[in-house]
Amino acid sequence: MIRLEDVTKWYDGRAVLDHVSLHLEPGMLWGLIGPAASGKSVLLKVVCGLIRPDEGRVIVDQRDITKDKESDIMETRRKFGMLFQNNALFDFMTVGENVAFPIYWGSDIEPDRLRSLSVKRLQDVGLSGSEDKVPSELSGGMKKRVGIARATIADPKIVIYDEPTAGLDPVTTSKIYDLLRNLQQRNESTVLAVSSDVQAIRGFVEHIAVIHQGRILYNGPERELDSCADPVVHQFIRGDADGPL
Amino acid sequence: MVQQNTQNGWKPIEDEGFWRRIPRRIGVSTLDAGKAAATLLWVLYRTVIGTVRGKRPKGEVLRQMEQVGNKSLLFVTVTIGFLGMVLVFQVCLQIEKITGDMSQVGPEFIKGMVHAFVPSLTAMMLATRVGAGIAAEIGSMMVTEQIDALRMCGVDPIDYLVVPRFIASLVMTLVLSVYATAISILAGALMAYTSYHVNPVMFFVFDKVTPGDAVIGVTKCLAFGAAIPVVSGYCGLTTRGGSEGVGSATTRAVINSSLAVIILDFIISAAGYYLLQSRGL
Ligand SMILES: Nc1ncnc2c1ncn2[C@@H]1O[C@H](COP(=O)(O)OP(=O)(O)O)[C@@H](O)[C@H]1O
Ligand SMILES: [Mg+2]
């Protein structure tokens, strides 16, 4: 479904992604962990065509999007929903308009139906009655939920969550992961999730990858992660202060 | 390098690295400038295409017209009013010293206003007010990933953000310039009458304004009105980093749109003079 072949991306003379190769099957729950600034967000944006890699190929459903024109990539992106690291809610719209936006633009659904769909989706994420608020009135956890509602309203085949629980308390964190799990089971979507909260994400995904300085150090089943021999991986998942990191 | 020099008994030249780096720096800056120019032209091209056949949010053009037009009204009135008065006062002052015949001040003032002063002054004001607004808005959307979110929803940020501002600015620069011409004439007439007892009727004689002047004036308004949102939109869309990046994008937008206005003013004035005015049009 998604395949990355030797993807490399340079920023300011530094390889932020360094020959990354991946393969994701449909319906997979895939997690990506790694220290700050290791290239996680860049990798997610490369997958959905927001960033063009300098080398290598990104193949989504047999289509190489690295050579596509922006308008063709736009078409491929319909398969994706994305929660951004900073939520990226449109601050000039209400919460309801934000959630409805992916299905509003380019379609001719009537406003009433649009509104009921967005109210419904806000209920699913536990935010009924917030549709007329503006994003600046919401707490961090509520913004994440709105972001999740917007990422999933079009029932995309692939959902990308960039740090869905960053800065949230443990209770909210586990509620958010429950929500993501429910949404995934309902839509049978493929999920790519990034987190720096290693324990929480390990409870959510089946497959996990570890990235460090743009290189994938581990990519495999979640339960075999502990037996990975790489010292960086070892230190990172145990959270030790001493080590190569 | 430095070590070798010391071994040979030379004094190490501190600036050697700097001077050596110059050719490379020039090369890199030229490349960067070339890339920037290419991106700017691409934004212009995409904006024009988007204006012709893009999809834009409902009611956005009207909202932007209000932003560009109505909200600049007071600023334009005050600035153009005072500038008109100062200009007329200075001209009368000089004429009084030479011939003392003030009968032609009004018609000549109107001519100058129409083809030269009003379009560029109005555009300079819009470059600061509107240009800064566009760059700050788009730039902050850029650093908060809202632009990426738009692209994820299948929206072209140029169609969605730049095109409505482009259309609004194109129309409103022209409208505001017509309005500013009227204000400058009124202010000029008032000043000439109160200070030098020039008959105010002379400020409503449009004899000296040729069709060429009007063509040049309108061309300038359209060119400036197009340049400001495109240049500022480009600055906004190339914002990098956090709030600091938004600040520098805003500054770049004001400086570059003002520069664009001045350069276009020069080009259109020169072309207008050779093509129209020198032939008596
Ligand atoms: N647009 C950009 N321009 C320059 N450098 C960038 C850009 N985007 C990301 N980077 C750099 O790439 C590195 C990885 O960034 P990112 O993927 O956001 O890290 P993280 O793993 O924390 O999500 C960082 O060092 C960042 O500075
Ligand atoms: Mg990140």
# chains A, B, ... in the order shown; residues from 1 in each chain; ligands from 1

$ residues_near_ligand --ligand "ligand 2" --cutoff "7 Å" --atoms "only C-alpha atoms and all ligand atoms" --output "PyMOL selection string"
chain A and resi 37+40-41+85+162

$ write_last_selection --atoms "C-alpha atoms" --output "short mmCIF file (atom, residue, chain, number, x, y, z; two decimals), in the first residue's frame"
data_model
loop_
_atom_site.label_atom_id
_atom_site.label_comp_id
_atom_site.auth_asym_id
_atom_site.auth_seq_id
_atom_site.Cartn_x
_atom_site.Cartn_y
_atom_site.Cartn_z
CA ALA A 37 14.37 16.32 15.59
CA LYS A 40 9.63 11.89 12.27
CA SER A 41 7.39 14.74 11.12
CA GLN A 85 1.86 18.00 15.40
CA ASP A 162 1.74 13.25 14.36
#

$ residues_around --residues "B:Pro157" --least-positions-apart "3" --cutoff "9 Å" --atoms "only C-alpha atoms" --output "PyMOL selection string"
chain B and resi 147-148+150-151+160-162+237

$ write_last_selection --atoms "C-alpha atoms" --output "CSV table (one decimal), in the first residue's frame"
chain,number,residue,atom,x,y,z
B,147,ILE,CA,-1.1,25.7,4.9
B,148,ASP,CA,-0.1,22.0,5.0
B,150,LEU,CA,-5.2,23.1,3.5
B,151,ARG,CA,-3.1,21.1,1.1
B,160,TYR,CA,-7.6,29.8,-1.4
B,161,LEU,CA,-5.5,32.6,0.0
B,162,VAL,CA,-3.7,34.7,-2.6
B,237,LEU,CA,4.4,31.4,1.5

$ residues_around --residues "A:Val159" --least-positions-apart "3" --cutoff "10 Å" --atoms "only C-alpha atoms" --output "ChimeraX atom specification"
/A:29,48,79-83,148,151-152,155-156,162,180,183-184,189-193

$ write_last_selection --atoms "N, CA, C and O atoms" --output "tab-separated table (two decimals), in the first residue's frame"
chain	number	residue	atom	x	y	z
A	29	LEU	N	-1.37	-1.12	11.81
A	29	LEU	CA	-1.23	-0.07	12.83
A	29	LEU	C	0.26	0.11	13.05
A	29	LEU	O	0.90	-0.75	13.66
A	48	CYS	N	2.78	11.50	2.71
A	48	CYS	CA	1.54	11.98	2.09
A	48	CYS	C	1.80	13.05	1.03
A	48	CYS	O	0.87	13.71	0.58
A	79	LYS	N	-6.70	10.04	-0.14
A	79	LYS	CA	-6.69	8.78	0.60
A	79	LYS	C	-6.21	8.98	2.03
A	79	LYS	O	-6.28	8.05	2.83
A	80	PHE	N	-5.67	10.16	2.31
A	80	PHE	CA	-5.05	10.39	3.61
A	80	PHE	C	-5.88	11.33	4.47
A	80	PHE	O	-6.55	12.23	3.97
A	81	GLY	N	-5.78	11.11	5.78
A	81	GLY	CA	-6.22	12.12	6.74
A	81	GLY	C	-5.04	12.37	7.64
A	81	GLY	O	-4.26	11.45	7.89
A	82	MET	N	-4.88	13.61	8.10
A	82	MET	CA	-3.68	13.85	8.92
A	82	MET	C	-3.97	14.73	10.11
A	82	MET	O	-4.63	15.76	10.00
A	83	LEU	N	-3.47	14.30	11.26
A	83	LEU	CA	-3.44	15.16	12.45
A	83	LEU	C	-2.03	15.72	12.54
A	83	LEU	O	-1.07	14.96	12.59
A	148	ILE	N	-8.25	15.32	15.36
A	148	ILE	CA	-8.53	13.92	15.02
A	148	ILE	C	-9.86	13.82	14.26
A	148	ILE	O	-9.96	13.09	13.26
A	151	ALA	N	-9.22	14.92	10.79
A	151	ALA	CA	-8.40	13.97	10.03
A	151	ALA	C	-9.22	12.76	9.57
A	151	ALA	O	-8.89	12.13	8.58
A	152	THR	N	-10.28	12.44	10.32
A	152	THR	CA	-10.98	11.19	10.02
A	152	THR	C	-12.36	11.38	9.40
A	152	THR	O	-13.01	10.40	9.06
A	155	ASP	N	-13.39	9.63	6.27
A	155	ASP	CA	-13.11	8.19	6.33
A	155	ASP	C	-11.99	7.80	5.39
A	155	ASP	O	-12.15	6.94	4.51
A	156	PRO	N	-10.81	8.40	5.57
A	156	PRO	CA	-9.70	8.10	4.65
A	156	PRO	C	-9.15	6.70	4.90
A	156	PRO	O	-9.31	6.15	5.98
A	162	ASP	N	0.43	12.77	13.91
A	162	ASP	CA	1.74	13.25	14.36
A	162	ASP	C	1.59	13.70	15.81
A	162	ASP	O	0.96	14.72	16.08
A	180	LEU	N	-8.58	6.56	18.99
A	180	LEU	CA	-7.91	6.22	17.73
A	180	LEU	C	-8.17	4.76	17.37
A	180	LEU	O	-8.40	4.42	16.20
A	183	LEU	N	-11.75	4.38	16.07
A	183	LEU	CA	-11.88	4.92	14.72
A	183	LEU	C	-11.24	3.97	13.72
A	183	LEU	O	-11.78	3.72	12.64
A	184	GLN	N	-10.09	3.42	14.10
A	184	GLN	CA	-9.38	2.53	13.18
A	184	GLN	C	-10.19	1.26	12.93
A	184	GLN	O	-10.32	0.81	11.80
A	189	SER	N	-8.88	1.39	8.65
A	189	SER	CA	-7.88	2.20	7.95
A	189	SER	C	-6.47	1.76	8.35
A	189	SER	O	-6.27	1.06	9.34
A	190	THR	N	-5.52	2.19	7.54
A	190	THR	CA	-4.12	2.02	7.88
A	190	THR	C	-3.73	3.22	8.73
A	190	THR	O	-4.09	4.35	8.40
A	191	VAL	N	-3.01	2.99	9.82
A	191	VAL	CA	-2.67	4.11	10.70
A	191	VAL	C	-1.16	4.23	10.85
A	191	VAL	O	-0.47	3.24	11.07
A	192	LEU	N	-0.68	5.46	10.69
A	192	LEU	CA	0.72	5.77	10.98
A	192	LEU	C	0.70	6.76	12.13
A	192	LEU	O	0.10	7.83	12.01
A	193	ALA	N	1.31	6.40	13.24
A	193	ALA	CA	1.30	7.32	14.38
A	193	ALA	C	2.71	7.55	14.86
A	193	ALA	O	3.53	6.63	14.92

$ residues_near_ligand --ligand "ligand 1" --cutoff "12 Å" --atoms "only C-alpha atoms and all ligand atoms" --output "PyMOL selection string"
(chain A and resi 8-18+32-46+50-53+84-86+161-163+166+193-196+210-216) or (chain B and resi 142-143+145+148+237-242+245)

$ closest_residue --among "B:Ala168, B:Met202, B:Ala227, B:Cys153" --to "A:Pro102" --atoms "only C-alpha atoms"
B:Cys153

$ select_by_dssp --residues "stretch 22-206 of chain A" --states "strand (DSSP E or B)" --output "ChimeraX atom specification"
/A:22-24,29-33,55-60,63-64,80-84,87,158-162,190-195

$ select_by_dssp --residues "stretch 80-157 of chain A" --states "alpha helix (DSSP H)" --output "NGL selection string"
:A and (95-104 or 111-124 or 140-152)

$ atom_distance --atom1 "atom CA of B:Ala226" --atom2 "atom CA of B:Thr77"
21.9 Å

$ residues_around --residues "A:Gly56" --least-positions-apart "5" --cutoff "6 Å" --atoms "only C-alpha atoms" --output "list in words"
Glu5, Asp6 and Val7 of chain A

$ residues_around --residues "A:Gly243" --least-positions-apart "4" --cutoff "8 Å" --atoms "only C-alpha atoms" --output "list of chain:residue names"
A:Pro231, A:Val232, A:Gln235

$ atom_distance --atom1 "atom CA of B:Arg279" --atom2 "atom CA of B:Asp207"
17.0 Å

$ atom_distance --atom1 "atom CA of B:Pro164" --atom2 "atom CA of A:Asp112"
25.8 Å

$ closest_residue --among "A:Leu127, A:Leu217, A:Met74, A:Ile158" --to "A:Ile2" --atoms "only C-alpha atoms"
A:Ile158

$ closest_residue --among "B:Thr144, B:Asn199, B:Gln94, B:Ser243" --to "chain A" --atoms "only C-alpha atoms"
B:Thr144
